[in-house]
file upload-v4.cif (mmCIF, C-alpha atoms)
data_target
loop_
_atom_site.group_PDB
_atom_site.id
_atom_site.type_symbol
_atom_site.label_atom_id
_atom_site.label_comp_id
_atom_site.auth_asym_id
_atom_site.auth_seq_id
_atom_site.Cartn_x
_atom_site.Cartn_y
_atom_site.Cartn_z
ATOM 1 C CA ALA B 1 -11.875 -27.049 1.311
ATOM 2 C CA GLU B 2 -9.460 -24.259 2.114
ATOM 3 C CA ASP B 3 -6.865 -24.793 4.816
ATOM 4 C CA PRO B 4 -7.988 -22.749 7.867
ATOM 5 C CA LYS B 5 -4.423 -21.640 8.656
ATOM 6 C CA ARG B 6 -3.886 -20.447 5.098
ATOM 7 C CA ALA B 7 -7.238 -18.639 5.103
ATOM 8 C CA ALA B 8 -6.312 -16.891 8.354
ATOM 9 C CA ALA B 9 -2.939 -15.870 6.917
ATOM 10 C CA VAL B 10 -4.611 -14.437 3.810
ATOM 11 C CA ARG B 11 -7.098 -12.479 5.935
ATOM 12 C CA GLU B 12 -4.228 -11.108 8.035
ATOM 13 C CA LEU B 13 -2.306 -10.121 4.899
ATOM 14 C CA ILE B 14 -5.320 -8.252 3.524
ATOM 15 C CA SER B 15 -6.007 -6.600 6.873
ATOM 16 C CA THR B 16 -2.399 -5.462 7.190
ATOM 17 C CA GLU B 17 -2.399 -4.073 3.662
ATOM 18 C CA GLU B 18 -5.649 -2.182 4.388
ATOM 19 C CA VAL B 19 -4.062 -0.521 7.407
ATOM 20 C CA TYR B 20 -0.907 0.294 5.442
ATOM 21 C CA VAL B 21 -2.811 1.882 2.529
ATOM 22 C CA ASN B 22 -4.938 3.869 4.973
ATOM 23 C CA ASN B 23 -1.827 5.066 6.822
ATOM 24 C CA LEU B 24 -0.188 6.145 3.564
ATOM 25 C CA GLY B 25 -3.284 8.230 2.844
ATOM 26 C CA VAL B 26 -3.067 9.872 6.264
ATOM 27 C CA ILE B 27 0.612 10.649 5.756
ATOM 28 C CA ILE B 28 -0.087 12.236 2.379
ATOM 29 C CA ARG B 29 -3.263 14.161 3.101
ATOM 30 C CA GLN B 30 -2.745 15.204 6.703
ATOM 31 C CA TRP B 31 1.003 15.395 7.126
ATOM 32 C CA LYS B 32 2.575 16.113 3.742
ATOM 33 C CA HIS B 33 -0.150 18.417 2.409
ATOM 34 C CA GLY B 34 -0.728 19.946 5.840
ATOM 35 C CA LEU B 35 2.929 20.708 6.355
ATOM 36 C CA ALA B 36 3.264 22.079 2.823
ATOM 37 C CA ALA B 37 0.467 24.562 3.600
ATOM 38 C CA VAL B 38 2.275 26.026 6.607
ATOM 39 C CA PRO B 39 3.745 29.455 5.785
ATOM 40 C CA GLY B 40 7.509 29.454 5.924
ATOM 41 C CA VAL B 41 7.914 25.706 5.464
ATOM 42 C CA ASP B 42 10.242 24.998 2.559
ATOM 43 C CA PRO B 43 8.428 22.853 -0.080
ATOM 44 C CA GLN B 44 11.710 21.170 -1.021
ATOM 45 C CA SER B 45 12.176 20.064 2.569
ATOM 46 C CA VAL B 46 8.648 18.656 2.674
ATOM 47 C CA ASN B 47 9.307 16.740 -0.552
ATOM 48 C CA ALA B 48 12.620 15.467 0.796
ATOM 49 C CA VAL B 49 11.000 14.173 3.981
ATOM 50 C CA PHE B 50 8.051 12.513 2.237
ATOM 51 C CA SER B 51 9.951 11.660 -0.988
ATOM 52 C CA ASN B 52 7.967 8.986 -2.857
ATOM 53 C CA VAL B 53 5.081 8.364 -0.462
ATOM 54 C CA GLU B 54 2.580 9.611 -3.067
ATOM 55 C CA LEU B 55 3.882 6.976 -5.484
ATOM 56 C CA LEU B 56 3.559 4.209 -2.908
ATOM 57 C CA GLU B 57 -0.121 4.726 -2.138
ATOM 58 C CA PRO B 58 -1.538 3.815 -5.579
ATOM 59 C CA VAL B 59 0.773 0.825 -5.912
ATOM 60 C CA ASN B 60 -0.311 -0.581 -2.571
ATOM 61 C CA ALA B 61 -3.954 0.295 -3.237
ATOM 62 C CA GLN B 62 -3.716 -1.716 -6.452
ATOM 63 C CA LEU B 63 -2.146 -4.632 -4.593
ATOM 64 C CA LEU B 64 -4.919 -4.447 -2.002
ATOM 65 C CA ALA B 65 -7.596 -4.482 -4.708
ATOM 66 C CA ARG B 66 -5.966 -7.547 -6.243
ATOM 67 C CA LEU B 67 -5.740 -9.315 -2.873
ATOM 68 C CA ARG B 68 -9.414 -8.622 -2.160
ATOM 69 C CA ARG B 69 -10.583 -10.299 -5.362
ATOM 70 C CA PRO B 70 -12.161 -13.651 -4.489
ATOM 71 C CA ASP B 71 -10.435 -15.339 -7.433
ATOM 72 C CA SER B 72 -7.008 -14.286 -6.142
ATOM 73 C CA ARG B 73 -7.262 -16.072 -2.796
ATOM 74 C CA GLN B 74 -5.670 -19.212 -4.213
ATOM 75 C CA ALA B 75 -3.024 -17.230 -6.111
ATOM 76 C CA ILE B 76 -1.721 -14.739 -3.555
ATOM 77 C CA GLY B 77 1.882 -15.302 -4.617
ATOM 78 C CA GLN B 78 0.954 -14.564 -8.218
ATOM 79 C CA GLN B 79 -0.449 -11.182 -7.171
ATOM 80 C CA PHE B 80 2.893 -10.250 -5.618
ATOM 81 C CA LEU B 81 4.836 -11.524 -8.630
ATOM 82 C CA GLU B 82 2.749 -9.397 -10.974
ATOM 83 C CA MET B 83 3.222 -6.303 -8.793
ATOM 84 C CA MET B 84 6.944 -6.911 -8.223
ATOM 85 C CA PRO B 85 8.209 -4.368 -10.791
ATOM 86 C CA PHE B 86 6.381 -1.626 -8.891
ATOM 87 C CA PHE B 87 7.940 -2.596 -5.558
ATOM 88 C CA LYS B 88 11.361 -1.431 -6.778
ATOM 89 C CA MET B 89 10.473 2.070 -5.563
ATOM 90 C CA TYR B 90 10.822 0.789 -2.014
#

call {"tool": "encode", "arguments": {"input": "upload-v4.cif", "output": "structure tokens"}}
result
Amino acid sequence: AEDPKRAAAVRELISTEEVYVNNLGVIIRQWKHGLAAVPGVDPQSVNAVFSNVELLEPVNAQLLARLRRPDSRQAIGQQFLEMMPFFKMY
């Protein structure tokens, strides 16, 4: 049987990652793209402000997909280890 405290921690981790991935999407689609569409706003400034946010979203979406897999629940640490090279962009 799974430890209830561990199960709760895993659920919280997944929930937090869901919110984070959703928020990255909002930043990209509503803020970055919205601001870039405003006449007179310098595209280089928009890119400077939002730098690599469009690279972060797919990485975290992939991590979230891995965390959601039922077979990964007992190997959460392994999921992070396998994604570690991608976290260097942070």

call {"tool": "closest_residue", "arguments": {"input": "upload-v4.cif", "among": "B:Val53, B:Ala65, B:Asp71, B:Tyr90", "to": "Glu18 (chain B)", "atoms": "all atoms listed in the file"}}
result
B:Ala65

call {"tool": "closest_residue", "arguments": {"input": "upload-v4.cif", "among": "B:Ser45, B:Asn22, B:Gln79, B:Ser72", "to": "Pro58 (chain B)", "atoms": "all atoms listed in the file"}}
result
B:Asn22

call {"tool": "closest_residue", "arguments": {"input": "upload-v4.cif", "among": "B:Val41, B:Leu56, B:Leu63, B:Val49", "to": "Glu17 (chain B)", "atoms": "all atoms listed in the file"}}
result
B:Leu63

call {"tool": "closest_residue", "arguments": {"input": "upload-v4.cif", "among": "B:Met83, B:Ile14, B:Val38, B:Ala48", "to": "Arg69 (chain B)", "atoms": "all atoms listed in the file"}}
result
B:Ile14

call {"tool": "resolve_selection", "arguments": {"input": "upload-v4.cif", "expression": "the PyMOL selection byres ((chain B and resi 2-6) around 12)", "output": "VMD selection string"}}
result
chain B and resid 1 7 to 13 73 to 76

call {"tool": "write_last_selection", "arguments": {"input": "upload-v4.cif", "atoms": "C-alpha atoms", "output": "PDB file, keeping the file's coordinate frame"}}
result
ATOM      1  CA  ALA B   1     -11.875 -27.049   1.311  1.00  0.00           C
ATOM      2  CA  ALA B   7      -7.238 -18.639   5.103  1.00  0.00           C
ATOM      3  CA  ALA B   8      -6.312 -16.891   8.354  1.00  0.00           C
ATOM      4  CA  ALA B   9      -2.939 -15.870   6.917  1.00  0.00           C
ATOM      5  CA  VAL B  10      -4.611 -14.437   3.810  1.00  0.00           C
ATOM      6  CA  ARG B  11      -7.098 -12.479   5.935  1.00  0.00           C
ATOM      7  CA  GLU B  12      -4.228 -11.108   8.035  1.00  0.00           C
ATOM      8  CA  LEU B  13      -2.306 -10.121   4.899  1.00  0.00           C
ATOM      9  CA  ARG B  73      -7.262 -16.072  -2.796  1.00  0.00           C
ATOM     10  CA  GLN B  74      -5.670 -19.212  -4.213  1.00  0.00           C
ATOM     11  CA  ALA B  75      -3.024 -17.230  -6.111  1.00  0.00           C
ATOM     12  CA  ILE B  76      -1.721 -14.739  -3.555  1.00  0.00           C
TER      13      ILE B  76
END

call {"tool": "resolve_selection", "arguments": {"input": "upload-v4.cif", "expression": "the PyMOL selection byres ((chain B and resi 57) around 10)", "output": "ChimeraX atom specification"}}
result
/B:20-25,27-28,52-56,58-63

call {"tool": "write_last_selection", "arguments": {"input": "upload-v4.cif", "atoms": "C-alpha atoms", "output": "PDB file, keeping the file's coordinate frame"}}
result
ATOM      1  CA  TYR B  20      -0.907   0.294   5.442  1.00  0.00           C
ATOM      2  CA  VAL B  21      -2.811   1.882   2.529  1.00  0.00           C
ATOM      3  CA  ASN B  22      -4.938   3.869   4.973  1.00  0.00           C
ATOM      4  CA  ASN B  23      -1.827   5.066   6.822  1.00  0.00           C
ATOM      5  CA  LEU B  24      -0.188   6.145   3.564  1.00  0.00           C
ATOM      6  CA  GLY B  25      -3.284   8.230   2.844  1.00  0.00           C
ATOM      7  CA  ILE B  27       0.612  10.649   5.756  1.00  0.00           C
ATOM      8  CA  ILE B  28      -0.087  12.236   2.379  1.00  0.00           C
ATOM      9  CA  ASN B  52       7.967   8.986  -2.857  1.00  0.00           C
ATOM     10  CA  VAL B  53       5.081   8.364  -0.462  1.00  0.00           C
ATOM     11  CA  GLU B  54       2.580   9.611  -3.067  1.00  0.00           C
ATOM     12  CA  LEU B  55       3.882   6.976  -5.484  1.00  0.00           C
ATOM     13  CA  LEU B  56       3.559   4.209  -2.908  1.00  0.00           C
ATOM     14  CA  PRO B  58      -1.538   3.815  -5.579  1.00  0.00           C
ATOM     15  CA  VAL B  59       0.773   0.825  -5.912  1.00  0.00           C
ATOM     16  CA  ASN B  60      -0.311  -0.581  -2.571  1.00  0.00           C
ATOM     17  CA  ALA B  61      -3.954   0.295  -3.237  1.00  0.00           C
ATOM     18  CA  GLN B  62      -3.716  -1.716  -6.452  1.00  0.00           C
ATOM     19  CA  LEU B  63      -2.146  -4.632  -4.593  1.00  0.00           C
TER      20      LEU B  63
END

call {"tool": "atom_distance", "arguments": {"input": "upload-v4.cif", "atom1": "CA of Val46 (chain B)", "atom2": "CA of Arg29 (chain B)"}}
result
12.7 Å

call {"tool": "atom_distance", "arguments": {"input": "upload-v4.cif", "atom1": "CA of Trp31 (chain B)", "atom2": "CA of Gln44 (chain B)"}}
result
14.6 Å
